[in-house]
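Asker: This is the structure I have questions about; it appears just below.
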Amino acid sequence: MSEEVPGQFTLVLHSHLPWLAHHGRWPVGEEWLYQSWAASYLPLVEVLRTLAAEGRTHLLSLGITPVLAAQLDDPHCLSGMHHWLGNWQLRADEAAMAGNLTLGRHEHRLAAAALADFERTWRHGASPVWRQLIDAEAIELLGGPLAHPFQPLLDARLRRFQLVEGLADAHQRWGRTPRGIWAPECGYTPGMEAEYDAAGVTHFMVDGPALRGDSSLGRPVRDAEVVAFGRDLQVSYRVWSPKSGYPGHAAYRDFHHYDHATGLKPSRVTGKTVAGSDKAPYDPELAAAAVHRDVEDFVRTVRDRLRAESARIGRPALVVAAFDTELFGHWWHEGPQWLAEVLRALPEAGVTVGTLADARARGYVGEPVPLADSSWGSGKDWRVWAGDQVRDLVELNDDIVRLALDTIDKMRESGGESEDRGASALRDPVADQLLREAILAVSSDWAFMVSKDSAAEYARGRAHRHAHAVREIAAAAGAGQVAKTRQLAAGWGTDDGLFPGLDARRLGARHEANTTAPTCAAGAHATAAEAEAANEGPAGERRA
């Protein structure tokens, strides 16, 4: 074992997809879920289970958004995933019969292993899978708001509801309430730290530039006890950045080029300027050799960074590398193999590996910071979710949230109950569905996909579909059409029945203080140098 390195390294993975069930299959829709499940979530769990069986603990902090957790437990999605895995195996056989034996055999092995693993471990949902890893202390599980809203732009009343209900949803699925969260898109505006404190959150993620580039320690935010941990861009971008990173190596499987007859990916990257038809065939042995080289490079980078940062601040430092989980396997085919090797190699190289909770408990916390408006998107401000390109969606979100909340309030009042007595009234499935559709309408994914021109038409369609549901139900309720209102709510609930425990009675009353963040500003900008050097993180690469 190498000489011990000062400080701690923490790997954070953020697992998220918007609600896709019943909303299309190809090219965007449930296919996106099943691809990510097969390529990222299944192999990641296998890596973590294997490492846990070796006696390794506190490997990483894993964020799973409630909306993704809901899909991984949903009977429709479980059935669809089982069918998709079987179809993957058939497509592999078709490739072999068409003459591409190497590709067909490789994909058949992968598909058969994934199908067996799914049938053995996942058929009753993902929650038992995550619980096993939590109980083994392999991971710290991070929670978050229900359906991944960009929180700084959200009505504060709904923002608080989504956070509290998201944490409750995690407790129901995993048997414990997360103390740490991945704030959607790392979005922050002053005042949210008090809401985190009130909800029992002790730590959350921001991007490095939000801490003015000094992510060597977690920082309490303003007057709250909650600690913000920043992503170390120098280390994180070694793996993946807008311009470079390991997945671009010539030997790795190319994500973009695929065989149209089978949908399989037959080629390696070969070269950035090489056309798809000219790319060389994928070779697993060449890819495995590249993984070993990149593991060595990453371990060396982490060791050097920990030593340099510890010397700079005069005490053991913290280095946090954070990525979308879907990078590993879905976008980068060899990513899970790289993860397994890195998590073994780091301790052997003298690096202490721990979770964000470990970092907080071990005192990797500095002085309070007056955190400003920020995100991990382009420019590290709010432009992706509030810029001119998506101004119509910002306005749509404001209108729909206002309509949904006003309608729910009027329904409470017309029911003859005071707002203070609302929680004791009977549950109303109409109010629940109104709230559910509003929450889906304001998912951060829709603005992200439009700003990045990634399935933008699908994203706009989804936002407007959920907005239409709110308007339709609200109009019937406002007209006093009780039977029609209930019929509409039930109809929309057929496709959008996630979070069956969602209860509009727990929504804060109208008279509660409600300060809404400005909706048209693009947020505080990073310095020019930071914005140029840190233009966009892995979130900037997430696409349909």
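Labeling convention for the structure tokens: chains A, B, ... as they appear, residues from 1 per chain, ligands from 1 in order of appearance.
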Identify, on the basis of only C-alpha atoms, every residue whose closest approach to segment 61-75 of chain A does not exceed 9 Å; exclude the query and any residue fewer than 5 positions from it along the same chain; express the result as a VMD selection string.
Answerer: chain A and resid 10 to 21 33 37 80 122 to 127 139 to 148 166 to 167 169 to 170 173 180 to 182 184 325 354 to 357 498 to 499
Asker: Using only C-alpha atoms, can you tell me which of A:Gly350, A:Gly208, A:Gly501, A:Gly415 comes closest to Glu4 of chain A?
Answerer: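 Looking only at the distances to Glu4 of chain A, the closest residue turns out to be A:Gly350.
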Asker: Measuring between only C-alpha atoms, which one of A:Pro27, A:Pro43, A:Pro336, A:Pro316 shows the shortest distance to Gly263 of chain A?
Answerer: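 Distance minimum relative to Gly263 of chain A lands on A:Pro27.
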Asker: Which of these residues is nearest to His203 of chain A, using only C-alpha atoms: A:Ala359, A:Leu154, A:Val384, A:Ala477?
Answerer: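 Smallest separation from His203 of chain A among the options: A:Ala359.
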Asker: As an exercise, work out the distance from atom CA of Val47 of chain A to atom CA of Glu3 of chain A in Å and give it to one decimal place.
Answerer: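 Separation of atom CA of Val47 of chain A and atom CA of Glu3 of chain A: 26.3 Å.
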Asker: What's the separation between atom CA of Val351 of chain A and atom CA of Arg303 of chain A, in Å to one decimal place?
Answerer: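 Result for atom CA of Val351 of chain A versus atom CA of Arg303 of chain A: 6.9 Å, one decimal.
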Asker: Which residue out of A:Glu334, A:Glu348, A:Glu472, A:Asp392 has the minimum interatomic distance to Ser40 of chain A when only C-alpha atoms are used?
Answerer: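 The answer is A:Glu334, which sits nearest to Ser40 of chain A.
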Asker: Here is a test: counting only C-alpha atoms, which residue of A:Arg383, A:Arg505, A:Arg460, A:Arg436 is nearest to Val401 of chain A?
Answerer: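 The shortest atom-to-atom distance to Val401 of chain A comes from A:Arg436.
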Asker: Looking at only C-alpha atoms, which of A:Ala504, A:Ala224, A:Ser310, A:Val269 is the one that sits closest to Phe161 of chain A?
Answerer: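 Smallest separation from Phe161 of chain A among the options: A:Ala504.
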Asker: Within 10 Å of segment 366-371 of chain A, counting only C-alpha atoms, which residues show up once you throw out same-chain ones fewer than 3 positions away? Write them as a list of chain:residue names, please.
Answerer: A:Tyr188, A:Thr189, A:Pro190, A:Gly191, A:Glu193, A:Val206, A:Ala210, A:Leu211, A:Arg212, A:Ser215, A:Ser216, A:Leu217, A:Gly218, A:Arg219, A:Pro220, A:Val221, A:Arg222, A:Asp223, A:Ala224, A:Glu225, A:Val226, A:Val227, A:Ala228, A:Gly363, A:Ser374
Asker: If DSSP is run on the backbone, what residues of segment 149-214 of chain A are strand (DSSP E)? A reply as a list in words would be ideal.
Answerer: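 Put together, the selection reads Gly180, Ile181, His203, Phe204, Met205, Val206 and Asp207 of chain A.
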Asker: Using Å and a single decimal, report how far atom CA of Met205 of chain A sits from atom CA of Ile313 of chain A.
Answerer: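 A separation of 21.0 Å between them.
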Asker: Write out as a PDB file with all heavy atoms, in the first residue's frame each polymer residue whose atoms come within 9 Å of Arg486 of chain A, counting only C-alpha atoms; drop sequence neighbours fewer than 6 positions from it.
Answerer:
ATOM      1  N   PRO A 429     -58.867  13.184  -4.123  1.00  0.00           N
ATOM      2  CA  PRO A 429     -58.038  12.746  -5.250  1.00  0.00           C
ATOM      3  C   PRO A 429     -57.930  13.785  -6.355  1.00  0.00           C
ATOM      4  O   PRO A 429     -56.966  13.771  -7.132  1.00  0.00           O
ATOM      5  CB  PRO A 429     -58.747  11.481  -5.737  1.00  0.00           C
ATOM      6  CG  PRO A 429     -60.144  11.580  -5.227  1.00  0.00           C
ATOM      7  CD  PRO A 429     -60.058  12.323  -3.940  1.00  0.00           C
ATOM      8  N   VAL A 430     -58.916  14.692  -6.455  1.00  0.00           N
ATOM      9  CA  VAL A 430     -58.837  15.751  -7.458  1.00  0.00           C
ATOM     10  C   VAL A 430     -57.710  16.714  -7.105  1.00  0.00           C
ATOM     11  O   VAL A 430     -56.872  17.066  -7.957  1.00  0.00           O
ATOM     12  CB  VAL A 430     -60.180  16.495  -7.580  1.00  0.00           C
ATOM     13  CG1 VAL A 430     -60.021  17.723  -8.483  1.00  0.00           C
ATOM     14  CG2 VAL A 430     -61.252  15.570  -8.126  1.00  0.00           C
ATOM     15  N   ILE A 473     -58.545  20.185 -15.386  1.00  0.00           N
ATOM     16  CA  ILE A 473     -59.121  19.818 -14.081  1.00  0.00           C
ATOM     17  C   ILE A 473     -59.587  21.064 -13.338  1.00  0.00           C
ATOM     18  O   ILE A 473     -60.681  21.092 -12.757  1.00  0.00           O
ATOM     19  CB  ILE A 473     -58.089  19.041 -13.245  1.00  0.00           C
ATOM     20  CG1 ILE A 473     -57.730  17.725 -13.932  1.00  0.00           C
ATOM     21  CG2 ILE A 473     -58.635  18.773 -11.843  1.00  0.00           C
ATOM     22  CD1 ILE A 473     -56.543  17.005 -13.299  1.00  0.00           C
ATOM     23  N   ALA A 477     -63.367  22.056 -12.048  1.00  0.00           N
ATOM     24  CA  ALA A 477     -63.590  22.320 -10.617  1.00  0.00           C
ATOM     25  C   ALA A 477     -64.185  23.701 -10.414  1.00  0.00           C
ATOM     26  O   ALA A 477     -65.112  23.888  -9.613  1.00  0.00           O
ATOM     27  CB  ALA A 477     -62.283  22.189  -9.859  1.00  0.00           C
TER      28      ALA A 477
END
Asker: Which residues come within 10 Å of Pro284 of chain A, counting only C-alpha atoms, excluding same-chain residues fewer than 6 positions away, as a VMD selection string?
Answerer: chain A and resid 106 251 to 253 268 290 334
Asker: Those residues with N, CA, C and O atoms, as a PDB file, in the first residue's frame please?
Answerer:
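Listed below is the output, selection.pdb:
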ATOM      1  N   HIS A 106     -20.829 -10.561 -28.038  1.00  0.00           N
ATOM      2  CA  HIS A 106     -20.553  -9.631 -26.926  1.00  0.00           C
ATOM      3  C   HIS A 106     -21.857  -9.100 -26.334  1.00  0.00           C
ATOM      4  O   HIS A 106     -22.064  -9.126 -25.108  1.00  0.00           O
ATOM      5  N   ALA A 251     -10.331   3.970 -27.877  1.00  0.00           N
ATOM      6  CA  ALA A 251     -10.640   2.549 -27.720  1.00  0.00           C
ATOM      7  C   ALA A 251     -12.020   2.288 -27.131  1.00  0.00           C
ATOM      8  O   ALA A 251     -12.515   1.156 -27.195  1.00  0.00           O
ATOM      9  N   TYR A 252     -12.643   3.321 -26.555  1.00  0.00           N
ATOM     10  CA  TYR A 252     -13.927   3.103 -25.905  1.00  0.00           C
ATOM     11  C   TYR A 252     -15.062   2.995 -26.929  1.00  0.00           C
ATOM     12  O   TYR A 252     -14.966   3.502 -28.053  1.00  0.00           O
ATOM     13  N   ARG A 253     -16.142   2.350 -26.507  1.00  0.00           N
ATOM     14  CA  ARG A 253     -17.264   2.189 -27.429  1.00  0.00           C
ATOM     15  C   ARG A 253     -17.883   3.542 -27.754  1.00  0.00           C
ATOM     16  O   ARG A 253     -18.096   4.369 -26.864  1.00  0.00           O
ATOM     17  N   ARG A 268     -15.893   1.519 -32.005  1.00  0.00           N
ATOM     18  CA  ARG A 268     -15.174   2.273 -30.983  1.00  0.00           C
ATOM     19  C   ARG A 268     -15.018   3.722 -31.459  1.00  0.00           C
ATOM     20  O   ARG A 268     -15.209   4.025 -32.637  1.00  0.00           O
ATOM     21  N   ALA A 290      -7.503   0.549 -21.917  1.00  0.00           N
ATOM     22  CA  ALA A 290      -7.708   1.993 -21.731  1.00  0.00           C
ATOM     23  C   ALA A 290      -8.263   2.286 -20.343  1.00  0.00           C
ATOM     24  O   ALA A 290      -7.900   3.293 -19.719  1.00  0.00           O
ATOM     25  N   GLU A 334     -17.809   1.730 -20.738  1.00  0.00           N
ATOM     26  CA  GLU A 334     -16.834   1.124 -19.827  1.00  0.00           C
ATOM     27  C   GLU A 334     -16.834   1.771 -18.441  1.00  0.00           C
ATOM     28  O   GLU A 334     -16.044   1.379 -17.572  1.00  0.00           O
TER      29      GLU A 334
END
Asker: Could you give me, as a list in words, the residues within 12 Å of Thr494 of chain A, counting only C-alpha atoms and dropping anything in the same chain fewer than 4 positions from it?
Answerer: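 Residues meeting the cut-off are Ala21, His22, His23, His76, Gln433, Glu437, Gln487, Leu488, Ala489, Ala490, Leu498 and Pro500 of chain A.
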Asker: Output the selection as a short mmCIF file (atom, residue, chain, number, x, y, z; two decimals), in the first residue's frame - C-alpha atoms for each residue.
Answerer:
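The resulting file, part17.cif, is shown below:
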data_model
loop_
_atom_site.label_atom_id
_atom_site.label_comp_id
_atom_site.auth_asym_id
_atom_site.auth_seq_id
_atom_site.Cartn_x
_atom_site.Cartn_y
_atom_site.Cartn_z
CA ALA A 21 -43.71 5.99 -18.04
CA HIS A 22 -46.70 6.13 -20.43
CA HIS A 23 -45.15 9.07 -22.31
CA HIS A 76 -45.56 -0.93 -15.51
CA GLN A 433 -53.92 15.01 -9.12
CA GLU A 437 -49.61 17.42 -12.65
CA GLN A 487 -63.42 11.76 -14.04
CA LEU A 488 -60.71 14.03 -15.46
CA ALA A 489 -58.48 13.61 -12.42
CA ALA A 490 -58.81 9.84 -12.61
CA LEU A 498 -46.69 8.29 -9.52
CA PRO A 500 -49.69 7.50 -4.80
#
Asker: Can you tell me, as a PyMOL selection string, what residues are no more than 12 Å from Gly245 of chain A when counting only C-alpha atoms, ignoring any on the same chain fewer than 4 positions away?
Answerer: chain A and resi 234-241+249-250+252+294+297-298+327+332+335+537-538
Asker: With DSSP run on the backbone, what are the alpha helix (DSSP H) residues within segment 179-242 of chain A? I'd like them as a PyMOL selection string.
Answerer: chain A and resi 192-199+233-239
Asker: Write the residues of the selection above to a file with N, CA and C atoms, as a short mmCIF file (atom, residue, chain, number, x, y, z; two decimals), in the first residue's frame.
Answerer:
data_model
loop_
_atom_site.label_atom_id
_atom_site.label_comp_id
_atom_site.auth_asym_id
_atom_site.auth_seq_id
_atom_site.Cartn_x
_atom_site.Cartn_y
_atom_site.Cartn_z
N MET A 192 -32.98 29.22 0.73
CA MET A 192 -33.21 27.78 0.65
C MET A 192 -32.50 27.04 1.78
N GLU A 193 -31.40 27.60 2.28
CA GLU A 193 -30.69 26.93 3.36
C GLU A 193 -31.56 26.81 4.61
N ALA A 194 -32.39 27.81 4.86
CA ALA A 194 -33.31 27.75 6.01
C ALA A 194 -34.35 26.67 5.81
N GLU A 195 -34.82 26.51 4.57
CA GLU A 195 -35.78 25.45 4.27
C GLU A 195 -35.14 24.07 4.43
N TYR A 196 -33.88 23.94 4.05
CA TYR A 196 -33.17 22.69 4.25
C TYR A 196 -33.05 22.38 5.74
N ASP A 197 -32.65 23.36 6.51
CA ASP A 197 -32.54 23.18 7.96
C ASP A 197 -33.87 22.70 8.55
N ALA A 198 -34.94 23.38 8.16
CA ALA A 198 -36.26 23.05 8.70
C ALA A 198 -36.69 21.63 8.33
N ALA A 199 -36.24 21.14 7.18
CA ALA A 199 -36.62 19.80 6.72
C ALA A 199 -35.70 18.72 7.27
N LEU A 233 -13.83 20.83 -9.68
CA LEU A 233 -13.87 20.76 -11.13
C LEU A 233 -12.57 20.22 -11.72
N GLN A 234 -11.45 20.49 -11.08
CA GLN A 234 -10.18 20.03 -11.62
C GLN A 234 -10.14 18.51 -11.68
N VAL A 235 -10.68 17.87 -10.66
CA VAL A 235 -10.70 16.41 -10.63
C VAL A 235 -11.88 15.86 -11.44
N SER A 236 -13.06 16.46 -11.26
CA SER A 236 -14.25 15.97 -11.98
C SER A 236 -14.08 16.06 -13.48
N TYR A 237 -13.51 17.17 -13.94
CA TYR A 237 -13.35 17.37 -15.38
C TYR A 237 -12.28 16.47 -15.98
N ARG A 238 -11.46 15.84 -15.13
CA ARG A 238 -10.51 14.86 -15.63
C ARG A 238 -11.26 13.68 -16.24
N VAL A 239 -12.41 13.37 -15.64
CA VAL A 239 -13.24 12.27 -16.13
C VAL A 239 -14.09 12.73 -17.30
#
